[in-house]
$ cat query-v6.cif   # mmCIF, C-alpha atoms
data_target
loop_
_atom_site.label_atom_id
_atom_site.label_comp_id
_atom_site.auth_asym_id
_atom_site.auth_seq_id
_atom_site.Cartn_x
_atom_site.Cartn_y
_atom_site.Cartn_z
CA MET L 180 60.24 43.96 48.49
CA SER L 181 63.91 43.63 47.49
CA LEU L 182 65.92 46.08 49.57
CA PRO L 183 69.34 47.25 48.34
CA HIS L 184 72.57 46.24 50.06
CA LYS L 185 73.66 49.88 50.00
CA ASN L 186 71.54 53.03 49.91
CA GLU L 187 73.24 54.29 46.76
CA GLU L 188 71.65 51.43 44.82
CA TYR L 189 68.38 53.37 45.02
CA GLY L 190 69.88 55.67 42.41
CA THR L 191 70.59 52.94 39.84
CA GLU L 192 68.43 51.58 37.05
CA VAL L 193 69.84 48.07 37.65
CA TYR L 194 68.41 47.96 41.17
CA TRP L 195 64.96 49.13 40.12
CA ASP L 196 64.72 46.77 37.15
CA LYS L 197 65.64 43.83 39.37
CA ARG L 198 63.21 44.90 42.10
CA TYR L 199 60.31 45.35 39.70
CA GLU L 200 61.04 42.02 38.01
CA GLN L 201 60.80 40.26 41.38
CA GLU L 202 57.63 41.99 42.55
CA ALA L 203 54.13 40.74 41.84
CA GLU L 204 52.29 42.17 38.86
CA ASP L 205 49.90 44.09 41.14
CA ALA L 206 52.57 45.30 43.59
CA SER L 207 52.67 48.99 44.49
CA PHE L 208 54.70 51.23 46.74
CA ASP L 209 54.39 54.91 47.61
CA TRP L 210 57.29 56.93 48.97
CA PHE L 211 56.65 59.53 51.67
CA LYS L 212 52.99 60.45 51.14
CA THR L 213 49.97 58.88 49.46
CA TYR L 214 47.67 60.93 47.27
CA ALA L 215 45.04 60.93 50.02
CA ASP L 216 47.57 62.61 52.33
CA VAL L 217 48.05 65.58 50.01
CA ALA L 218 44.87 65.57 47.89
CA ASP L 219 43.47 68.78 49.39
CA VAL L 220 46.71 70.63 48.65
CA ILE L 221 46.97 69.17 45.15
CA ARG L 222 43.42 70.24 44.30
CA LYS L 223 44.26 73.82 45.27
CA LEU L 224 47.51 73.79 43.28
CA ILE L 225 45.87 72.15 40.24
CA PRO L 226 42.32 73.53 40.07
CA SER L 227 41.77 72.37 36.48
CA LYS L 228 41.09 68.65 36.05
CA ASP L 229 42.09 69.12 32.39
CA ALA L 230 45.69 69.97 33.30
CA ARG L 231 48.36 67.96 31.48
CA ILE L 232 50.45 66.39 34.23
CA LEU L 233 53.92 64.81 34.07
CA MET L 234 54.64 62.23 36.80
CA LEU L 235 58.41 61.97 37.22
CA GLY L 236 59.83 58.59 38.23
CA CYS L 237 56.38 57.07 38.62
CA GLY L 238 57.52 53.57 39.65
CA ASN L 239 54.56 51.40 40.67
CA SER L 240 53.09 54.07 42.93
CA LYS L 241 49.32 54.47 43.14
CA PHE L 242 49.66 58.26 43.17
CA SER L 243 48.75 58.64 39.46
CA GLU L 244 45.98 56.08 39.73
CA GLU L 245 44.41 57.93 42.64
CA MET L 246 44.78 61.29 40.89
CA TRP L 247 43.02 59.77 37.88
CA GLU L 248 40.21 58.55 40.13
CA ASP L 249 39.97 62.12 41.46
CA GLY L 250 39.35 63.42 37.95
CA TYR L 251 42.85 64.20 36.63
CA LYS L 252 42.76 62.09 33.47
CA ASN L 253 45.58 63.65 31.44
CA ILE L 254 48.67 62.16 33.13
CA VAL L 255 51.92 61.14 31.43
CA ASN L 256 53.93 58.77 33.66
CA VAL L 257 57.66 58.38 33.07
CA ASP L 258 60.32 56.16 34.60
CA TYR L 259 63.71 54.94 33.41
CA SER L 260 62.86 51.33 34.26
CA PRO L 261 61.32 49.65 31.19
CA VAL L 262 60.25 46.80 33.48
CA VAL L 263 57.93 48.92 35.61
CA ILE L 264 56.66 50.96 32.67
CA GLU L 265 55.53 47.81 30.86
CA LYS L 266 53.88 46.47 34.02
CA MET L 267 52.06 49.73 34.70
CA ARG L 268 50.99 50.14 31.09
CA SER L 269 49.53 46.64 31.12
CA ARG L 270 47.83 47.22 34.47
CA HIS L 271 46.09 50.45 33.49
CA LYS L 272 45.58 50.34 29.71
CA ASP L 273 41.98 49.09 29.84
CA VAL L 274 40.68 50.73 33.00
CA ARG L 275 42.52 54.08 32.70
CA PRO L 276 43.21 54.47 28.98
CA GLU L 277 43.84 58.23 29.12
CA MET L 278 47.02 57.76 31.16
CA THR L 279 50.22 57.03 29.25
CA TRP L 280 53.41 55.29 30.36
CA GLU L 281 56.78 56.09 28.80
CA VAL L 282 60.37 55.03 29.43
CA LYS L 283 62.29 58.23 30.06
CA ASP L 284 65.12 59.48 32.25
CA VAL L 285 64.09 62.55 34.26
CA ARG L 286 67.56 64.02 33.65
CA THR L 287 66.94 64.29 29.91
CA LEU L 288 63.19 63.84 29.24
CA ASP L 289 64.04 63.01 25.64
CA GLY L 290 61.13 63.30 23.25
CA LEU L 291 59.02 65.62 25.40
CA ASP L 292 58.29 68.96 23.79
CA CYS L 293 59.15 72.27 25.38
CA SER L 294 56.27 74.06 27.11
CA SER L 295 53.96 71.04 26.82
CA PHE L 296 52.88 70.35 30.43
CA ASP L 297 50.88 72.34 32.96
CA VAL L 298 52.23 70.45 35.98
CA ALA L 299 55.18 68.19 36.83
CA ILE L 300 55.28 66.13 40.05
CA ASP L 301 58.27 64.48 41.72
CA LYS L 302 57.64 62.40 44.84
CA GLY L 303 60.94 60.88 45.89
CA THR L 304 62.62 60.57 42.49
CA MET L 305 65.14 63.33 43.03
CA ASP L 306 65.79 61.93 46.49
CA ALA L 307 66.76 58.57 44.98
CA MET L 308 69.46 60.32 42.95
CA MET L 309 70.90 61.72 46.19
CA THR L 310 71.43 58.35 47.87
CA SER L 311 75.00 58.02 46.58
CA SER L 312 75.99 60.77 49.01
CA THR L 313 76.41 60.43 52.76
CA ASP L 314 77.23 64.13 53.12
CA VAL L 315 74.06 66.21 52.76
CA TRP L 316 76.03 69.42 53.33
CA GLU L 317 78.56 68.77 50.56
CA PRO L 318 77.04 66.34 48.05
CA PRO L 319 79.31 65.03 45.27
CA GLU L 320 79.36 66.78 41.91
CA GLN L 321 77.43 63.95 40.23
CA VAL L 322 74.49 64.33 42.62
CA ILE L 323 74.36 68.06 41.98
CA LYS L 324 74.61 67.46 38.23
CA ASP L 325 71.82 64.87 38.21
CA CYS L 326 69.39 66.86 40.36
CA THR L 327 69.92 70.17 38.60
CA ALA L 328 69.56 68.40 35.23
CA GLU L 329 66.13 67.14 36.30
CA VAL L 330 65.02 70.61 37.36
CA TYR L 331 66.34 72.14 34.12
CA GLN L 332 64.42 69.60 32.05
CA VAL L 333 61.24 70.03 34.08
CA LEU L 334 61.31 73.78 33.55
CA ARG L 335 61.92 73.18 29.84
CA VAL L 336 58.76 71.09 29.40
CA LEU L 337 56.51 73.24 31.61
CA LYS L 338 54.19 75.75 29.98
CA PRO L 339 54.28 79.42 30.96
CA ASN L 340 52.49 79.60 34.34
CA GLY L 341 53.17 75.87 34.85
CA ILE L 342 54.12 74.45 38.25
CA PHE L 343 56.63 71.90 39.53
CA ILE L 344 55.58 70.08 42.72
CA TYR L 345 58.37 68.28 44.59
CA ILE L 346 57.51 66.15 47.66
CA THR L 347 60.42 65.05 49.85
CA PHE L 348 61.64 64.57 53.40
CA GLY L 349 64.55 66.91 52.60
CA GLN L 350 64.68 70.10 54.64
CA PRO L 351 64.94 73.45 52.82
CA HIS L 352 68.61 74.07 53.64
CA PHE L 353 69.45 70.78 51.86
CA ARG L 354 67.05 71.02 48.91
CA ARG L 355 66.85 74.70 48.01
CA ARG L 356 70.19 74.54 46.13
CA TYR L 357 68.64 72.21 43.53
CA LEU L 358 65.63 74.46 42.94
CA THR L 359 67.50 77.75 42.58
CA GLY L 360 70.66 78.80 40.79
CA ALA L 361 72.11 79.18 37.30
CA HIS L 362 70.35 76.06 35.96
CA VAL L 363 66.99 77.72 36.63
CA THR L 364 66.92 79.58 33.32
CA ARG L 365 63.29 80.71 33.48
CA LYS L 366 61.75 83.13 35.96
CA THR L 367 60.16 81.22 38.84
CA SER L 368 58.92 81.58 42.38
CA LEU L 369 59.50 78.97 45.09
CA GLU L 370 57.06 78.15 47.88
CA ILE L 371 57.89 75.66 50.65
CA ASN L 372 55.26 74.00 52.82
CA GLN L 373 55.72 71.54 55.67
CA LEU L 374 53.59 68.39 55.67
CA GLY L 375 52.78 66.17 58.63
CA GLU L 376 52.95 66.63 62.38
CA SER L 377 55.46 64.21 63.92
CA PHE L 378 57.83 63.33 61.06
CA HIS L 379 57.91 66.24 58.67
CA TYR L 380 57.86 66.09 54.90
CA TYR L 381 58.07 69.08 52.60
CA MET L 382 56.31 70.21 49.45
CA TYR L 383 58.29 72.56 47.25
CA THR L 384 56.26 74.36 44.59
CA MET L 385 58.06 76.14 41.76
CA ARG L 386 55.80 78.38 39.69
CA MET L 387 56.68 79.68 36.25
CA LEU L 388 56.28 83.45 36.14
#
$ encode --input "query-v6.cif" --output "structure tokens"
Amino acid sequence: MSLPHKNEEYGTEVYWDKRYEQEAEDASFDWFKTYADVADVIRKLIPSKDARILMLGCGNSKFSEEMWEDGYKNIVNVDYSPVVIEKMRSRHKDVRPEMTWEVKDVRTLDGLDCSSFDVAIDKGTMDAMMTSSTDVWEPPEQVIKDCTAEVYQVLRVLKPNGIFIYITFGQPHFRRRYLTGAHVTRKTSLEINQLGESFHYYMYTMRML
């Protein structure tokens, strides 16, 4: 794995394209939690296996693959790296043909219709956009702009009664600001659950009301 010289490189397309180009065709990496770690929770949050699911910043994670194996066939995977999207499309096109892979920036989600998804999942993508900041209490304006843009777009493409699941290591007093506020233009509820025992992760669930 090609590690960045500086943490802020995690938030750049150049870094990810280069990393994915260097990795083997069958390489995979999962941030924070695997699907097996949270499968029981996911099944409760998404009881219908027919739900249309948007995977934000999919990378080469096995999360979508393992959800597909668990019966969730209708998954649209997006990432702004054309390198990884082409690799993942090639890897899965024959064995998991229902899944689709599209080059898209989570801050714009161009080409995705309003109210077209039941569920959106972010596992570490928003966190990557925060790496340019060393001050978690007072992040720079660009970080706030990028993260709130993602949330705005997610809420745009979610159906009424849809849900946004965000998995992160970020504690509520650092992450809540991105999930509430003026950019949240639709009525929602926010539920926060702690995952793990020693090193804690968090699952934030925004529900459309």
$ residues_around --input "query-v6.cif" --residues "Asp216 (chain L)" --least-positions-apart "3" --cutoff "12 Å" --atoms "all atoms listed in the file" --output "PyMOL selection string"
chain L and resi 209-213+219-222+242+245-246+346+374-375+380+382
$ write_last_selection --input "query-v6.cif" --atoms "C-alpha atoms" --output "PDB file, in the coordinates of the input"
ATOM      1  CA  ASP L 209      54.390  54.910  47.610  1.00  0.00           C
ATOM      2  CA  TRP L 210      57.290  56.930  48.970  1.00  0.00           C
ATOM      3  CA  PHE L 211      56.650  59.530  51.670  1.00  0.00           C
ATOM      4  CA  LYS L 212      52.990  60.450  51.140  1.00  0.00           C
ATOM      5  CA  THR L 213      49.970  58.880  49.460  1.00  0.00           C
ATOM      6  CA  ASP L 219      43.470  68.780  49.390  1.00  0.00           C
ATOM      7  CA  VAL L 220      46.710  70.630  48.650  1.00  0.00           C
ATOM      8  CA  ILE L 221      46.970  69.170  45.150  1.00  0.00           C
ATOM      9  CA  ARG L 222      43.420  70.240  44.300  1.00  0.00           C
ATOM     10  CA  PHE L 242      49.660  58.260  43.170  1.00  0.00           C
ATOM     11  CA  GLU L 245      44.410  57.930  42.640  1.00  0.00           C
ATOM     12  CA  MET L 246      44.780  61.290  40.890  1.00  0.00           C
ATOM     13  CA  ILE L 346      57.510  66.150  47.660  1.00  0.00           C
ATOM     14  CA  LEU L 374      53.590  68.390  55.670  1.00  0.00           C
ATOM     15  CA  GLY L 375      52.780  66.170  58.630  1.00  0.00           C
ATOM     16  CA  TYR L 380      57.860  66.090  54.900  1.00  0.00           C
ATOM     17  CA  MET L 382      56.310  70.210  49.450  1.00  0.00           C
TER      18      MET L 382
END
$ resolve_selection --input "query-v6.cif" --expression "the PyMOL selection byres ((chain L and resi 331) around 12)" --output "tab-separated table (two decimals) with C-alpha atoms, keeping the file's coordinate frame"
chain	number	residue	atom	x	y	z
L	285	VAL	CA	64.09	62.55	34.26
L	286	ARG	CA	67.56	64.02	33.65
L	287	THR	CA	66.94	64.29	29.91
L	288	LEU	CA	63.19	63.84	29.24
L	293	CYS	CA	59.15	72.27	25.38
L	323	ILE	CA	74.36	68.06	41.98
L	324	LYS	CA	74.61	67.46	38.23
L	325	ASP	CA	71.82	64.87	38.21
L	326	CYS	CA	69.39	66.86	40.36
L	327	THR	CA	69.92	70.17	38.60
L	328	ALA	CA	69.56	68.40	35.23
L	329	GLU	CA	66.13	67.14	36.30
L	330	VAL	CA	65.02	70.61	37.36
L	332	GLN	CA	64.42	69.60	32.05
L	333	VAL	CA	61.24	70.03	34.08
L	334	LEU	CA	61.31	73.78	33.55
L	335	ARG	CA	61.92	73.18	29.84
L	336	VAL	CA	58.76	71.09	29.40
L	337	LEU	CA	56.51	73.24	31.61
L	343	PHE	CA	56.63	71.90	39.53
L	357	TYR	CA	68.64	72.21	43.53
L	358	LEU	CA	65.63	74.46	42.94
L	359	THR	CA	67.50	77.75	42.58
L	360	GLY	CA	70.66	78.80	40.79
L	361	ALA	CA	72.11	79.18	37.30
L	362	HIS	CA	70.35	76.06	35.96
L	363	VAL	CA	66.99	77.72	36.63
L	364	THR	CA	66.92	79.58	33.32
L	365	ARG	CA	63.29	80.71	33.48
L	367	THR	CA	60.16	81.22	38.84
L	385	MET	CA	58.06	76.14	41.76
$ residues_near_point --input "query-v6.cif" --point "(38.0, 65.3, 34.5)" --cutoff "7 Å" --atoms "only C-alpha atoms" --output "ChimeraX atom specification"
/L:228-229,250-252
$ closest_residue --input "query-v6.cif" --among "L:Ala230, L:Val282, L:Val257, L:Met267" --to "Asp205 (chain L)" --atoms "all atoms listed in the file"
L:Met267
$ residues_around --input "query-v6.cif" --residues "Ile254 (chain L)" --least-positions-apart "6" --cutoff "10 Å" --atoms "all atoms listed in the file" --output "list of chain:residue names"
L:Asp229, L:Ala230, L:Arg231, L:Ile232, L:Leu233, L:Met234, L:Ser243, L:Glu244, L:Met246, L:Trp247, L:Glu277, L:Met278, L:Thr279, L:Trp280, L:Phe296, L:Val298, L:Ala299
$ write_last_selection --input "query-v6.cif" --atoms "C-alpha atoms" --output "PDB file, in the coordinates of the input"
ATOM      1  CA  ASP L 229      42.090  69.120  32.390  1.00  0.00           C
ATOM      2  CA  ALA L 230      45.690  69.970  33.300  1.00  0.00           C
ATOM      3  CA  ARG L 231      48.360  67.960  31.480  1.00  0.00           C
ATOM      4  CA  ILE L 232      50.450  66.390  34.230  1.00  0.00           C
ATOM      5  CA  LEU L 233      53.920  64.810  34.070  1.00  0.00           C
ATOM      6  CA  MET L 234      54.640  62.230  36.800  1.00  0.00           C
ATOM      7  CA  SER L 243      48.750  58.640  39.460  1.00  0.00           C
ATOM      8  CA  GLU L 244      45.980  56.080  39.730  1.00  0.00           C
ATOM      9  CA  MET L 246      44.780  61.290  40.890  1.00  0.00           C
ATOM     10  CA  TRP L 247      43.020  59.770  37.880  1.00  0.00           C
ATOM     11  CA  GLU L 277      43.840  58.230  29.120  1.00  0.00           C
ATOM     12  CA  MET L 278      47.020  57.760  31.160  1.00  0.00           C
ATOM     13  CA  THR L 279      50.220  57.030  29.250  1.00  0.00           C
ATOM     14  CA  TRP L 280      53.410  55.290  30.360  1.00  0.00           C
ATOM     15  CA  PHE L 296      52.880  70.350  30.430  1.00  0.00           C
ATOM     16  CA  VAL L 298      52.230  70.450  35.980  1.00  0.00           C
ATOM     17  CA  ALA L 299      55.180  68.190  36.830  1.00  0.00           C
TER      18      ALA L 299
END
$ closest_residue --input "query-v6.cif" --among "L:Ala203, L:Val322, L:Val217, L:Leu388" --to "Gln373 (chain L)" --atoms "all atoms listed in the file"
L:Val217
$ atom_distance --input "query-v6.cif" --atom1 "CA of Pro351 (chain L)" --atom2 "CA of Met305 (chain L)"
14.1 Å
$ atom_distance --input "query-v6.cif" --atom1 "CA of Pro261 (chain L)" --atom2 "CA of Lys283 (chain L)"
8.7 Å
$ closest_residue --input "query-v6.cif" --among "L:Arg198, L:His379, L:Arg354, L:Arg270" --to "Met309 (chain L)" --atoms "all atoms listed in the file"
L:Arg354
$ closest_residue --input "query-v6.cif" --among "L:Val263, L:Tyr214, L:Asp249, L:Asp297" --to "Gln201 (chain L)" --atoms "all atoms listed in the file"
L:Val263
$ closest_residue --input "query-v6.cif" --among "L:Glu281, L:Glu202, L:Asp289, L:Asp301" --to "Gly236 (chain L)" --atoms "all atoms listed in the file"
L:Asp301
$ closest_residue --input "query-v6.cif" --among "L:Ala215, L:Met387, L:Val315, L:Met308" --to "Lys338 (chain L)" --atoms "only C-alpha atoms"
L:Met387
$ atom_distance --input "query-v6.cif" --atom1 "CA of Ile264 (chain L)" --atom2 "CA of Gly238 (chain L)"
7.5 Å
$ axis_aligned_box --input "query-v6.cif" --around "region 273-281 of chain L" --padding-each-side "8 Å" --output "lines of an AutoDock Vina configuration file"
center_x = 48.7
center_y = 53.7
center_z = 30.9
size_x = 32.1
size_y = 25.1
size_z = 20.2
$ residues_around --input "query-v6.cif" --residues "Thr384 (chain L)" --least-positions-apart "2" --cutoff "9 Å" --atoms "all atoms listed in the file" --output "mmCIF file with C-alpha atoms, keeping the file's coordinate frame"
data_model
loop_
_atom_site.group_PDB
_atom_site.id
_atom_site.type_symbol
_atom_site.label_atom_id
_atom_site.label_comp_id
_atom_site.auth_asym_id
_atom_site.auth_seq_id
_atom_site.Cartn_x
_atom_site.Cartn_y
_atom_site.Cartn_z
ATOM 1 C CA LEU L 224 47.510 73.790 43.280
ATOM 2 C CA ILE L 342 54.120 74.450 38.250
ATOM 3 C CA PHE L 343 56.630 71.900 39.530
ATOM 4 C CA ILE L 344 55.580 70.080 42.720
ATOM 5 C CA TYR L 345 58.370 68.280 44.590
ATOM 6 C CA ILE L 346 57.510 66.150 47.660
ATOM 7 C CA SER L 368 58.920 81.580 42.380
ATOM 8 C CA LEU L 369 59.500 78.970 45.090
ATOM 9 C CA GLU L 370 57.060 78.150 47.880
ATOM 10 C CA ILE L 371 57.890 75.660 50.650
ATOM 11 C CA ASN L 372 55.260 74.000 52.820
ATOM 12 C CA MET L 382 56.310 70.210 49.450
ATOM 13 C CA ARG L 386 55.800 78.380 39.690
#
